[in-house]
Amino acid sequence: MTFNQEWEQLKKDASDRLQLASAGVTKGDNGRGELRSSRTAWNQASQGVGSVIGIMRSAVGGLTEGQRGAGGGDAAMEGLLSAVTQGSVYRSWQRKIELLHRECDELKGKLEKSGNAFYYTDSAIKDAFTEQQTRPDEKPDTGRPAPGEGGQSRW
Amino acid sequence: MASVGVAFMGRPKIAFTALFMALAIGMTGCSSMADNESTVEDIGEVKAQSRGLSDGLLRIIDLEGDLKEPVTSVGTCGDKDADKFYRINSSWSLAGPPAQDLRGAMGRLSKVMPKSGWDITEHGRENSVAKSHYLKANSTERAFSVYIVVLEASPNSGRTRPLLYVGLASDCFQVPDGQSARDKY
Amino acid sequence: MVTFAQLTQLRPAEFGEAADGWHKLSSAASAAKDRVSDDIATQLQKLLIGEGVDAAVVRLRRLAQNFHYVQVESGLVRAALNGLGEELGAAQKKLLDVVAEAEAEKFTIKPDGSVHWVEADPTIPTTPQKSVQGERPVVVIGSDADPKRAKAQEYADRVGAALKEATEVDTRYAQALGRLHADNDLNVSDADWVDAQRDMGTVRTATGSLAEGSIPKDKSPKENAEWWKGLSGDDKADYAALYPASVGALDGIPSDVRDTANRVVLAEKRADYQTQLNAIPAEPWKYQPGSKGNPMATKTTEWVKWDREWAGKKAQLEASLKGMGDIRKRFERDIEPGDDRFPRAYLLGFSPEGRGRAVIANGNPDTADHTAVYVPGTNAGFGNLAHDIKRATTLWTVSDAVSDGGSVSTITWLGYDAPQGAKAAVSSDYANNGAPSLNRFVDGLNASHEAGSPGHLTVTGHSYGTTLIGSAARQGDLNADDIVTLGSPGVQVGRATDLDVPRGHVWNEEASGDPIPEAGRMKHGRTEYHFDTGVDYVTPSNERFGANPMRTDTSGHGSYWDRDSETLLNQARVVVGDYDNVSRRGR
């Protein structure tokens, strides 16, 4: 099933259940209840983030490939200030994308945990997502022109 | 002729003032409720009530087909302050069953709804070319009203088959203190 | 300093290749943003409730913002690199041309750029090699009447010029690129977007090759559409990256392109205005207590000064920001479990300057079978944009429910300066000035609509909006299929057939207790003289006008989208072309 098809099925399941659920709702009840399909919802979200990681991975691959000539290894290029600057810009965005990758990883994990009932309460889920584990990489040598400096990509 | 001339001469000035006032009134809206009279209720709660009512109606209709599920949206209350006041609108429809089944469902609705918390205010055939069957009703249990029509397929309707439409809307509500309705859709 | 060796050996195409890589990143970031925001976050909200999902959605929305930022900035890098490759390529060509010409004339250009030749002079026992160099002043020793020297100097100067040009290009682009470094955090702040806006300006200035002047101006939507279709994929991406405001405003180009461009403008302008608002000094105390000689409280001098300098600007910024917030909130619509079918919003037009313009569609009109354009009336503006967005959204939910297979798009068109206040509404100027924009917008929709699929278009107006519609039909061609007038004070013309749509396709509603039609007709209706009735001010509510009178069951001027009403359903029935089911007024 494609991503969209799975979502459609999920929505339909949830919608069916909600119709039955809401039929029994009374005013004092606050009108809300947790759905059995909630676990699947979290897991689907987790997989969604996984696919986003995939989208970005192939994009970075494309970006890096395009750097082969202009980025370095070409003597003529190395002398050009604009080429050197581009190289440094490239490394800064590499670092940024890696940061976003780690953020995606963190979210993916937490979404999956939510889906596997790892957190006992809604409040615990909230705390999990409020907690910011992914932090910027504080390596000082990225983002500044540094001839000969290549960045190892983590993708 | 003379009287027309006098009337014409006399009118512009009065009408101009009337225009002023009318536009001013028009801007603030002519709703039956005073500005501070709407019940306070959480948007989520009203949306949930809406879904409950739709579910009940679908059960009475008791047909299967191409169901376009309810879209609940946050609507406006005339020209009232969109930060404080809102209503919940919901539209859905069912197509697929043949016309007589849909009309039968309409008949069922008109019989069963009064027994399940609805007060039917209008019922009959619309003043249209297709003369479709319709009813309008107010809920006696919740602050909602509904408008149901079996839209018939006729030459200039753009339809190849009939469609049962349900339009459900709440009364005007007010958001609880500290909340805003303007950001909600 | 670009050297001779560097410029001759350069492969400018490599910049193009690098640019392609950045484009891949930009497109992927855009797709990632949409996936996170429209699919993942929204779907989570559809299915779950609670503080847990709320917290998850906050993180996801911030992630989407990050991707949006990556999309914009990497698009700029790409545009810069394309420009760089082109300009270096041009300088290189000049250099290679000189080299070829020189060699044809038996000159040799050495790797250091100096031009050498051998002179055949029978009076000199040895044959000295001579050379000149460009860039540096040539010291002429003695009177050297060698004719070749002049030629050599010319070549050398041309070499020097090419290298100078390349150096200038290199420096310029290095500066522009230098601005495009990524920061190293997960917050996309207002300052970031302000920077992005500035970066856009920098790259534009640096590139110059994709001049803003090449974007069509004051051309017909059809011409705009042709221009866009004729662009290469590269150029489309670069124009959208560098000139999102111009691209977003072009009637006739695809709606998704306009939406992407306008969303960038929205992000940047919102941050810009917020930053400006933050910079306004705090309002001082307004009043000071009276003194012994004058017991009345008076305004402080500080406040008077502040009021004169800042009050207007503050009000303007706040109103604009309010409207921008309304648009953003529509994009980020919170969804409750069980919701389905809610349409994606497309920002077809956006500019916050002045009174502000916003055109927001529910559903993509390029692919919709039925499209409705809603023209709001008096008081419409950025101060209450949510109101008019909601009206179009409500119309969408009803129209979509009754369309049975046909897809629907409804559009809030705040594409003109609406009169503010009853007094202003008396004037025809707003309608007359705004009308041509409506015609252009409608033509744009027709031009960008998917070829081969049905595109039924309804233009619906409320109050003063109908006057604009009438003016549009009067002044030019309003190329719609149906027109709906709600609470109209008059449409300037006297007959439905003057409204450009086919006969029988004008539909009118006048709710009970709506004072506007009566109040406004003298100013906005068409004045006619009839033997039997004397003067008549004809509006769509007049039988004479010839519009189809639709039945209403709501009251008041603001009620046309209220409730589950016949008033609303009739509008929807016209929108989806269900004419036979429109209920008529009276008996």
# chains A, B, ... in the order shown; residues from 1 in each chain; ligands from 1
$ residues_around --residues "Ala31 of chain C" --least-positions-apart "4" --cutoff "12 Å" --atoms "only C-alpha atoms" --output "list in words"
Ser51, Val52, Ile53, Gly54, Ile55, Met56 and Ala59 of chain A; Lys24, Leu25, Ser26, Ser27, Arg35, Val36, Ser37, Asp38, Asp39, Ala64, Phe67, His68, Val70, Gln71 and Thr260 of chain C
$ write_last_selection --atoms "N, CA and C atoms" --output "PDB file, in the first residue's frame"
ATOM      1  N   SER A  51      10.137   8.387   6.171  1.00  0.00           N
ATOM      2  CA  SER A  51      10.172   8.644   4.728  1.00  0.00           C
ATOM      3  C   SER A  51      10.761  10.016   4.442  1.00  0.00           C
ATOM      4  N   VAL A  52      10.545  10.954   5.356  1.00  0.00           N
ATOM      5  CA  VAL A  52      11.141  12.285   5.190  1.00  0.00           C
ATOM      6  C   VAL A  52      12.662  12.189   5.262  1.00  0.00           C
ATOM      7  N   ILE A  53      13.144  11.357   6.180  1.00  0.00           N
ATOM      8  CA  ILE A  53      14.590  11.130   6.272  1.00  0.00           C
ATOM      9  C   ILE A  53      15.101  10.605   4.940  1.00  0.00           C
ATOM     10  N   GLY A  54      14.331   9.725   4.347  1.00  0.00           N
ATOM     11  CA  GLY A  54      14.703   9.180   3.049  1.00  0.00           C
ATOM     12  C   GLY A  54      14.745  10.250   1.966  1.00  0.00           C
ATOM     13  N   ILE A  55      13.736  11.118   1.973  1.00  0.00           N
ATOM     14  CA  ILE A  55      13.707  12.210   0.985  1.00  0.00           C
ATOM     15  C   ILE A  55      14.968  13.046   1.106  1.00  0.00           C
ATOM     16  N   MET A  56      15.311  13.394   2.326  1.00  0.00           N
ATOM     17  CA  MET A  56      16.460  14.287   2.532  1.00  0.00           C
ATOM     18  C   MET A  56      17.771  13.570   2.240  1.00  0.00           C
ATOM     19  N   ALA A  59      18.383  13.710  -1.320  1.00  0.00           N
ATOM     20  CA  ALA A  59      18.664  15.088  -1.727  1.00  0.00           C
ATOM     21  C   ALA A  59      20.106  15.451  -1.409  1.00  0.00           C
TER      22      ALA A  59
ATOM     23  N   LYS C  24      18.200  20.137  -6.133  1.00  0.00           N
ATOM     24  CA  LYS C  24      17.660  18.885  -5.595  1.00  0.00           C
ATOM     25  C   LYS C  24      17.365  19.052  -4.104  1.00  0.00           C
ATOM     26  N   LEU C  25      18.287  19.725  -3.444  1.00  0.00           N
ATOM     27  CA  LEU C  25      18.076  19.940  -2.015  1.00  0.00           C
ATOM     28  C   LEU C  25      16.849  20.815  -1.783  1.00  0.00           C
ATOM     29  N   SER C  26      16.731  21.877  -2.558  1.00  0.00           N
ATOM     30  CA  SER C  26      15.612  22.810  -2.389  1.00  0.00           C
ATOM     31  C   SER C  26      14.274  22.122  -2.621  1.00  0.00           C
ATOM     32  N   SER C  27      14.190  21.353  -3.707  1.00  0.00           N
ATOM     33  CA  SER C  27      12.935  20.654  -4.000  1.00  0.00           C
ATOM     34  C   SER C  27      12.612  19.632  -2.933  1.00  0.00           C
ATOM     35  N   ARG C  35       5.269  17.279   3.479  1.00  0.00           N
ATOM     36  CA  ARG C  35       4.978  15.974   4.068  1.00  0.00           C
ATOM     37  C   ARG C  35       4.799  16.100   5.568  1.00  0.00           C
ATOM     38  N   VAL C  36       5.708  16.813   6.197  1.00  0.00           N
ATOM     39  CA  VAL C  36       5.643  16.933   7.654  1.00  0.00           C
ATOM     40  C   VAL C  36       4.414  17.726   8.076  1.00  0.00           C
ATOM     41  N   SER C  37       4.175  18.830   7.395  1.00  0.00           N
ATOM     42  CA  SER C  37       3.101  19.738   7.806  1.00  0.00           C
ATOM     43  C   SER C  37       1.729  19.238   7.376  1.00  0.00           C
ATOM     44  N   ASP C  38       1.586  18.952   6.078  1.00  0.00           N
ATOM     45  CA  ASP C  38       0.260  18.604   5.567  1.00  0.00           C
ATOM     46  C   ASP C  38      -0.123  17.162   5.826  1.00  0.00           C
ATOM     47  N   ASP C  39       0.858  16.264   5.835  1.00  0.00           N
ATOM     48  CA  ASP C  39       0.499  14.865   6.036  1.00  0.00           C
ATOM     49  C   ASP C  39       0.638  14.458   7.495  1.00  0.00           C
ATOM     50  N   ALA C  64       8.942  21.478  10.043  1.00  0.00           N
ATOM     51  CA  ALA C  64       8.459  21.913   8.726  1.00  0.00           C
ATOM     52  C   ALA C  64       8.974  23.310   8.405  1.00  0.00           C
ATOM     53  N   PHE C  67      12.444  23.069   7.188  1.00  0.00           N
ATOM     54  CA  PHE C  67      12.521  22.623   5.801  1.00  0.00           C
ATOM     55  C   PHE C  67      12.150  23.757   4.855  1.00  0.00           C
ATOM     56  N   HIS C  68      11.186  24.562   5.256  1.00  0.00           N
ATOM     57  CA  HIS C  68      10.801  25.702   4.419  1.00  0.00           C
ATOM     58  C   HIS C  68      11.997  26.630   4.247  1.00  0.00           C
ATOM     59  N   VAL C  70      15.199  25.845   4.534  1.00  0.00           N
ATOM     60  CA  VAL C  70      16.187  25.172   3.678  1.00  0.00           C
ATOM     61  C   VAL C  70      15.796  25.350   2.210  1.00  0.00           C
ATOM     62  N   GLN C  71      14.515  25.175   1.942  1.00  0.00           N
ATOM     63  CA  GLN C  71      14.026  25.318   0.565  1.00  0.00           C
ATOM     64  C   GLN C  71      14.395  26.685   0.010  1.00  0.00           C
ATOM     65  N   THR C 260       3.416  28.482  -3.691  1.00  0.00           N
ATOM     66  CA  THR C 260       4.755  28.306  -3.118  1.00  0.00           C
ATOM     67  C   THR C 260       5.457  29.654  -2.990  1.00  0.00           C
TER      68      THR C 260
END
$ residues_around --residues "Ser110 of chain B" --least-positions-apart "5" --cutoff "12 Å" --atoms "only C-alpha atoms" --output "PDB file with C-alpha atoms, in the first residue's frame"
ATOM      1  CA  LEU B  57     -29.296  11.082  11.372  1.00  0.00           C
ATOM      2  CA  ILE B  60     -32.181   6.921  10.620  1.00  0.00           C
ATOM      3  CA  ILE B  61     -31.360   7.221   6.927  1.00  0.00           C
ATOM      4  CA  ARG B 103     -37.011   9.714  -0.895  1.00  0.00           C
ATOM      5  CA  GLY B 104     -37.934   6.834   1.351  1.00  0.00           C
ATOM      6  CA  ALA B 105     -35.149   7.877   3.680  1.00  0.00           C
ATOM      7  CA  LYS B 115     -39.229  11.034  18.143  1.00  0.00           C
ATOM      8  CA  SER B 116     -35.510  11.409  18.479  1.00  0.00           C
ATOM      9  CA  GLY B 117     -35.026  14.949  19.616  1.00  0.00           C
ATOM     10  CA  TRP B 118     -35.918  16.979  16.538  1.00  0.00           C
ATOM     11  CA  ASP B 119     -38.619  19.490  15.863  1.00  0.00           C
ATOM     12  CA  ILE B 120     -39.408  19.686  12.155  1.00  0.00           C
ATOM     13  CA  THR B 121     -40.181  23.265  11.149  1.00  0.00           C
ATOM     14  CA  GLU B 122     -40.521  22.872   7.397  1.00  0.00           C
ATOM     15  CA  HIS B 123     -41.151  19.922   5.214  1.00  0.00           C
ATOM     16  CA  GLY B 124     -42.166  19.509   1.619  1.00  0.00           C
ATOM     17  CA  HIS B 133     -38.003  16.913  -1.153  1.00  0.00           C
ATOM     18  CA  TYR B 134     -36.629  18.705   1.848  1.00  0.00           C
ATOM     19  CA  LEU B 135     -37.018  19.282   5.519  1.00  0.00           C
ATOM     20  CA  LYS B 136     -35.703  21.730   8.083  1.00  0.00           C
ATOM     21  CA  ALA B 137     -35.566  20.929  11.758  1.00  0.00           C
ATOM     22  CA  TYR B 147     -31.530  21.178   6.531  1.00  0.00           C
ATOM     23  CA  ILE B 148     -31.902  18.005   4.531  1.00  0.00           C
ATOM     24  CA  VAL B 149     -32.666  17.781   0.798  1.00  0.00           C
TER      25      VAL B 149
END
$ closest_atom_pairs --of "chain B" --to "chain A" --cutoff "10 Å" --atoms "only C-alpha atoms" --output "CSV"
residue,atom,partner,partner_atom,distance
B:Asp42,CA,A:Asn30,CA,9.6
B:Gly44,CA,A:Gly31,CA,8.2
B:Glu45,CA,A:Gly31,CA,6.1
B:Val46,CA,A:Gly31,CA,9.0
B:Lys47,CA,A:Gly31,CA,9.2
B:Ala48,CA,A:Gly31,CA,6.0
B:Gln49,CA,A:Gly31,CA,7.6
B:Ser50,CA,A:Ser22,CA,9.7
B:Arg51,CA,A:Ser22,CA,7.2
B:Gly52,CA,A:Ala23,CA,5.4
B:Leu53,CA,A:Ala23,CA,8.2
B:Ser54,CA,A:Gln19,CA,9.0
B:Asp55,CA,A:Gln19,CA,6.2
B:Gly56,CA,A:Ala23,CA,7.3
B:Glu69,CA,A:Ser15,CA,9.0
B:Arg142,CA,A:Lys27,CA,10.0
$ interface_residues --of "chain A" --to "chain C" --cutoff "6 Å" --atoms "only C-alpha atoms" --output "PDB file with C-alpha atoms, in the first residue's frame"
ATOM      1  CA  SER A  15     -13.828   7.470  11.467  1.00  0.00           C
ATOM      2  CA  ALA A  45       3.548   9.278  11.931  1.00  0.00           C
ATOM      3  CA  VAL A  52      11.141  12.285   5.190  1.00  0.00           C
ATOM      4  CA  ALA A  59      18.664  15.088  -1.727  1.00  0.00           C
ATOM      5  CA  GLY A  62      22.357  14.844  -5.102  1.00  0.00           C
ATOM      6  CA  LEU A  63      23.829  17.910  -3.477  1.00  0.00           C
ATOM      7  CA  GLY A  66      26.971  18.194  -7.672  1.00  0.00           C
ATOM      8  CA  GLN A  67      29.918  19.316  -5.566  1.00  0.00           C
ATOM      9  CA  GLY A  69      33.726  19.585  -9.630  1.00  0.00           C
ATOM     10  CA  ALA A  70      32.999  22.858  -7.997  1.00  0.00           C
ATOM     11  CA  ALA A  76      41.281  25.901 -11.180  1.00  0.00           C
ATOM     12  CA  LEU A  81      37.159  32.897  -3.933  1.00  0.00           C
ATOM     13  CA  SER A  82      33.578  32.161  -4.974  1.00  0.00           C
ATOM     14  CA  THR A  85      33.033  30.275  -0.389  1.00  0.00           C
ATOM     15  CA  VAL A  89      28.474  27.281   2.388  1.00  0.00           C
ATOM     16  CA  SER A  92      27.433  24.679   6.670  1.00  0.00           C
ATOM     17  CA  TRP A  93      24.321  23.271   5.029  1.00  0.00           C
ATOM     18  CA  LYS A  96      22.386  21.923   9.119  1.00  0.00           C
ATOM     19  CA  ASP A 122      -0.585  11.648  27.856  1.00  0.00           C
ATOM     20  CA  ILE A 125       4.091  11.885  25.938  1.00  0.00           C
ATOM     21  CA  LYS A 126       3.957  15.632  26.247  1.00  0.00           C
ATOM     22  CA  PHE A 129       8.177  15.767  22.968  1.00  0.00           C
ATOM     23  CA  PRO A 136      23.564  21.465  17.324  1.00  0.00           C
TER      24      PRO A 136
END
$ closest_atom_pairs --of "chain C" --to "chain B" --cutoff "7 Å" --atoms "only C-alpha atoms" --output "Markdown table"
| residue | atom | partner | partner_atom | distance |
| --- | --- | --- | --- | --- |
| C:Asp326 | CA | B:Asp183 | CA | 6.6 |
| C:Lys329 | CA | B:Asp183 | CA | 5.6 |
| C:Arg330 | CA | B:Tyr185 | CA | 6.7 |
| C:Arg333 | CA | B:Tyr185 | CA | 5.8 |
| C:Asp334 | CA | B:Lys184 | CA | 6.8 |
| C:Asp339 | CA | B:Val71 | CA | 5.8 |
| C:Asp340 | CA | B:Val71 | CA | 5.9 |
| C:Arg341 | CA | B:Val71 | CA | 6.5 |
| C:Phe342 | CA | B:Val71 | CA | 6.5 |
| C:Ala386 | CA | B:Arg182 | CA | 6.3 |
| C:His387 | CA | B:Ala82 | CA | 6.5 |
| C:Lys390 | CA | B:Gly75 | CA | 6.0 |
| C:Thr394 | CA | B:Gly75 | CA | 6.6 |
| C:Thr397 | CA | B:Ser91 | CA | 6.1 |
| C:Val398 | CA | B:Ser91 | CA | 5.6 |
| C:Ala401 | CA | B:Trp92 | CA | 5.2 |
| C:Val402 | CA | B:Tyr165 | CA | 6.5 |
| C:Ala422 | CA | B:Leu23 | CA | 5.3 |
| C:Lys423 | CA | B:Phe20 | CA | 6.6 |
| C:Pro515 | CA | B:Ala22 | CA | 5.6 |
| C:Ile516 | CA | B:Leu23 | CA | 6.2 |
| C:Ala519 | CA | B:Leu19 | CA | 4.2 |
| C:Gly520 | CA | B:Leu19 | CA | 5.8 |
| C:Gly534 | CA | B:Val4 | CA | 6.9 |
| C:Gly556 | CA | B:Cys30 | CA | 4.8 |
| C:His557 | CA | B:Gly26 | CA | 5.5 |
| C:Gly558 | CA | B:Gly78 | CA | 4.4 |
| C:Ser559 | CA | B:Gly78 | CA | 4.8 |
| C:Asp562 | CA | B:Cys77 | CA | 6.5 |
| C:Arg563 | CA | B:Ala169 | CA | 5.1 |
| C:Asp564 | CA | B:Gly167 | CA | 4.9 |
| C:Ser565 | CA | B:Tyr147 | CA | 6.7 |
| C:Gly577 | CA | B:Gly158 | CA | 5.8 |
| C:Asp578 | CA | B:Ser157 | CA | 3.9 |
| C:Tyr579 | CA | B:Ser157 | CA | 5.2 |
| C:Asp580 | CA | B:Val129 | CA | 4.8 |
| C:Asn581 | CA | B:Ala130 | CA | 5.4 |
| C:Val582 | CA | B:Ser128 | CA | 5.6 |
| C:Ser583 | CA | B:Ser128 | CA | 4.3 |
| C:Arg584 | CA | B:Asn127 | CA | 5.6 |
$ write_last_selection --atoms "C-alpha atoms" --output "mmCIF file, in the first residue's frame"
data_model
loop_
_atom_site.group_PDB
_atom_site.id
_atom_site.type_symbol
_atom_site.label_atom_id
_atom_site.label_comp_id
_atom_site.auth_asym_id
_atom_site.auth_seq_id
_atom_site.Cartn_x
_atom_site.Cartn_y
_atom_site.Cartn_z
ATOM 1 C CA ASP C 326 -5.253 34.741 9.871
ATOM 2 C CA LYS C 329 -3.879 29.919 10.883
ATOM 3 C CA ARG C 330 -5.863 28.824 7.885
ATOM 4 C CA ARG C 333 -5.889 24.458 10.622
ATOM 5 C CA ASP C 334 -6.256 22.395 13.731
ATOM 6 C CA ASP C 339 -12.613 15.265 10.176
ATOM 7 C CA ASP C 340 -12.151 14.473 6.572
ATOM 8 C CA ARG C 341 -12.025 16.140 3.182
ATOM 9 C CA PHE C 342 -10.878 19.532 4.437
ATOM 10 C CA ALA C 386 -10.455 35.438 9.028
ATOM 11 C CA HIS C 387 -14.065 36.434 8.533
ATOM 12 C CA LYS C 390 -14.260 31.464 6.696
ATOM 13 C CA THR C 394 -18.090 27.421 4.523
ATOM 14 C CA THR C 397 -17.888 22.567 2.614
ATOM 15 C CA VAL C 398 -21.444 22.860 1.319
ATOM 16 C CA ALA C 401 -20.914 18.000 -0.184
ATOM 17 C CA VAL C 402 -23.367 18.479 -3.032
ATOM 18 C CA ALA C 422 -20.275 53.252 5.634
ATOM 19 C CA LYS C 423 -19.232 56.679 4.427
ATOM 20 C CA PRO C 515 -31.035 46.993 4.548
ATOM 21 C CA ILE C 516 -28.198 47.361 2.064
ATOM 22 C CA ALA C 519 -30.072 51.786 1.078
ATOM 23 C CA GLY C 520 -27.392 51.582 -1.564
ATOM 24 C CA GLY C 534 -40.801 57.330 -12.815
ATOM 25 C CA GLY C 556 -29.531 40.299 8.001
ATOM 26 C CA HIS C 557 -26.779 41.579 5.784
ATOM 27 C CA GLY C 558 -24.100 39.346 7.251
ATOM 28 C CA SER C 559 -26.115 36.146 7.237
ATOM 29 C CA ASP C 562 -24.809 31.330 8.247
ATOM 30 C CA ARG C 563 -26.367 28.145 9.338
ATOM 31 C CA ASP C 564 -27.490 25.207 7.349
ATOM 32 C CA SER C 565 -29.614 27.529 5.298
ATOM 33 C CA GLY C 577 -23.997 23.915 -11.622
ATOM 34 C CA ASP C 578 -27.092 22.374 -10.074
ATOM 35 C CA TYR C 579 -29.429 24.989 -11.499
ATOM 36 C CA ASP C 580 -32.580 22.901 -11.380
ATOM 37 C CA ASN C 581 -32.289 22.589 -7.631
ATOM 38 C CA VAL C 582 -31.891 26.286 -6.912
ATOM 39 C CA SER C 583 -34.997 27.261 -4.980
ATOM 40 C CA ARG C 584 -36.624 30.449 -6.032
#
$ residues_around --residues "Ser463 of chain C" --least-positions-apart "3" --cutoff "10 Å" --atoms "only C-alpha atoms" --output "VMD selection string"
(chain B and resid 23 26) or (chain C and resid 375 to 378 425 466 to 468 485 to 491 516 to 517 520 557 to 558)
$ decode --residues "segment 127-133 of chain A" --atoms "all heavy atoms" --output "PDB file, in the first residue's frame"
ATOM      1  N   ASP A 127       5.757  15.395  27.828  1.00  0.00           N
ATOM      2  CA  ASP A 127       7.111  15.658  28.333  1.00  0.00           C
ATOM      3  C   ASP A 127       8.159  15.163  27.363  1.00  0.00           C
ATOM      4  O   ASP A 127       9.183  15.805  27.155  1.00  0.00           O
ATOM      5  CB  ASP A 127       7.305  14.976  29.692  1.00  0.00           C
ATOM      6  CG  ASP A 127       6.519  15.662  30.793  1.00  0.00           C
ATOM      7  OD1 ASP A 127       6.115  16.828  30.579  1.00  0.00           O
ATOM      8  OD2 ASP A 127       6.301  15.047  31.859  1.00  0.00           O
ATOM      9  N   ALA A 128       7.891  13.996  26.784  1.00  0.00           N
ATOM     10  CA  ALA A 128       8.861  13.429  25.839  1.00  0.00           C
ATOM     11  C   ALA A 128       9.098  14.356  24.666  1.00  0.00           C
ATOM     12  O   ALA A 128      10.233  14.603  24.256  1.00  0.00           O
ATOM     13  CB  ALA A 128       8.370  12.063  25.352  1.00  0.00           C
ATOM     14  N   PHE A 129       8.015  14.905  24.134  1.00  0.00           N
ATOM     15  CA  PHE A 129       8.177  15.767  22.968  1.00  0.00           C
ATOM     16  C   PHE A 129       8.656  17.161  23.336  1.00  0.00           C
ATOM     17  O   PHE A 129       9.259  17.843  22.518  1.00  0.00           O
ATOM     18  CB  PHE A 129       6.876  15.841  22.163  1.00  0.00           C
ATOM     19  CG  PHE A 129       6.659  14.629  21.309  1.00  0.00           C
ATOM     20  CD1 PHE A 129       5.748  13.655  21.687  1.00  0.00           C
ATOM     21  CD2 PHE A 129       7.393  14.442  20.147  1.00  0.00           C
ATOM     22  CE1 PHE A 129       5.562  12.522  20.914  1.00  0.00           C
ATOM     23  CE2 PHE A 129       7.209  13.310  19.363  1.00  0.00           C
ATOM     24  CZ  PHE A 129       6.295  12.349  19.751  1.00  0.00           C
ATOM     25  N   THR A 130       8.387  17.566  24.540  1.00  0.00           N
ATOM     26  CA  THR A 130       8.866  18.874  24.968  1.00  0.00           C
ATOM     27  C   THR A 130      10.376  18.826  25.212  1.00  0.00           C
ATOM     28  O   THR A 130      11.077  19.815  25.012  1.00  0.00           O
ATOM     29  CB  THR A 130       8.152  19.320  26.250  1.00  0.00           C
ATOM     30  OG1 THR A 130       6.757  19.051  26.120  1.00  0.00           O
ATOM     31  CG2 THR A 130       8.357  20.796  26.495  1.00  0.00           C
ATOM     32  N   GLU A 131      10.843  17.672  25.653  1.00  0.00           N
ATOM     33  CA  GLU A 131      12.273  17.539  25.911  1.00  0.00           C
ATOM     34  C   GLU A 131      13.054  17.561  24.600  1.00  0.00           C
ATOM     35  O   GLU A 131      12.742  16.825  23.674  1.00  0.00           O
ATOM     36  CB  GLU A 131      12.518  16.216  26.644  1.00  0.00           C
ATOM     37  CG  GLU A 131      13.951  16.077  27.118  1.00  0.00           C
ATOM     38  CD  GLU A 131      14.293  14.617  27.409  1.00  0.00           C
ATOM     39  OE1 GLU A 131      13.400  13.762  27.288  1.00  0.00           O
ATOM     40  OE2 GLU A 131      15.452  14.352  27.729  1.00  0.00           O
ATOM     41  N   GLN A 132      14.055  18.430  24.546  1.00  0.00           N
ATOM     42  CA  GLN A 132      14.819  18.605  23.318  1.00  0.00           C
ATOM     43  C   GLN A 132      16.159  17.905  23.473  1.00  0.00           C
ATOM     44  O   GLN A 132      17.062  18.424  24.149  1.00  0.00           O
ATOM     45  CB  GLN A 132      15.026  20.098  23.045  1.00  0.00           C
ATOM     46  CG  GLN A 132      15.824  20.420  21.794  1.00  0.00           C
ATOM     47  CD  GLN A 132      15.073  20.054  20.527  1.00  0.00           C
ATOM     48  OE1 GLN A 132      13.911  20.382  20.387  1.00  0.00           O
ATOM     49  NE2 GLN A 132      15.748  19.359  19.630  1.00  0.00           N
ATOM     50  N   GLN A 133      16.296  16.740  22.863  1.00  0.00           N
ATOM     51  CA  GLN A 133      17.563  16.019  22.996  1.00  0.00           C
ATOM     52  C   GLN A 133      18.557  16.380  21.891  1.00  0.00           C
ATOM     53  O   GLN A 133      19.749  16.471  22.124  1.00  0.00           O
ATOM     54  CB  GLN A 133      17.311  14.503  22.975  1.00  0.00           C
ATOM     55  CG  GLN A 133      16.916  13.993  24.342  1.00  0.00           C
ATOM     56  CD  GLN A 133      16.246  12.640  24.285  1.00  0.00           C
ATOM     57  OE1 GLN A 133      15.701  12.254  23.241  1.00  0.00           O
ATOM     58  NE2 GLN A 133      16.262  11.923  25.374  1.00  0.00           N
TER      59      GLN A 133
END
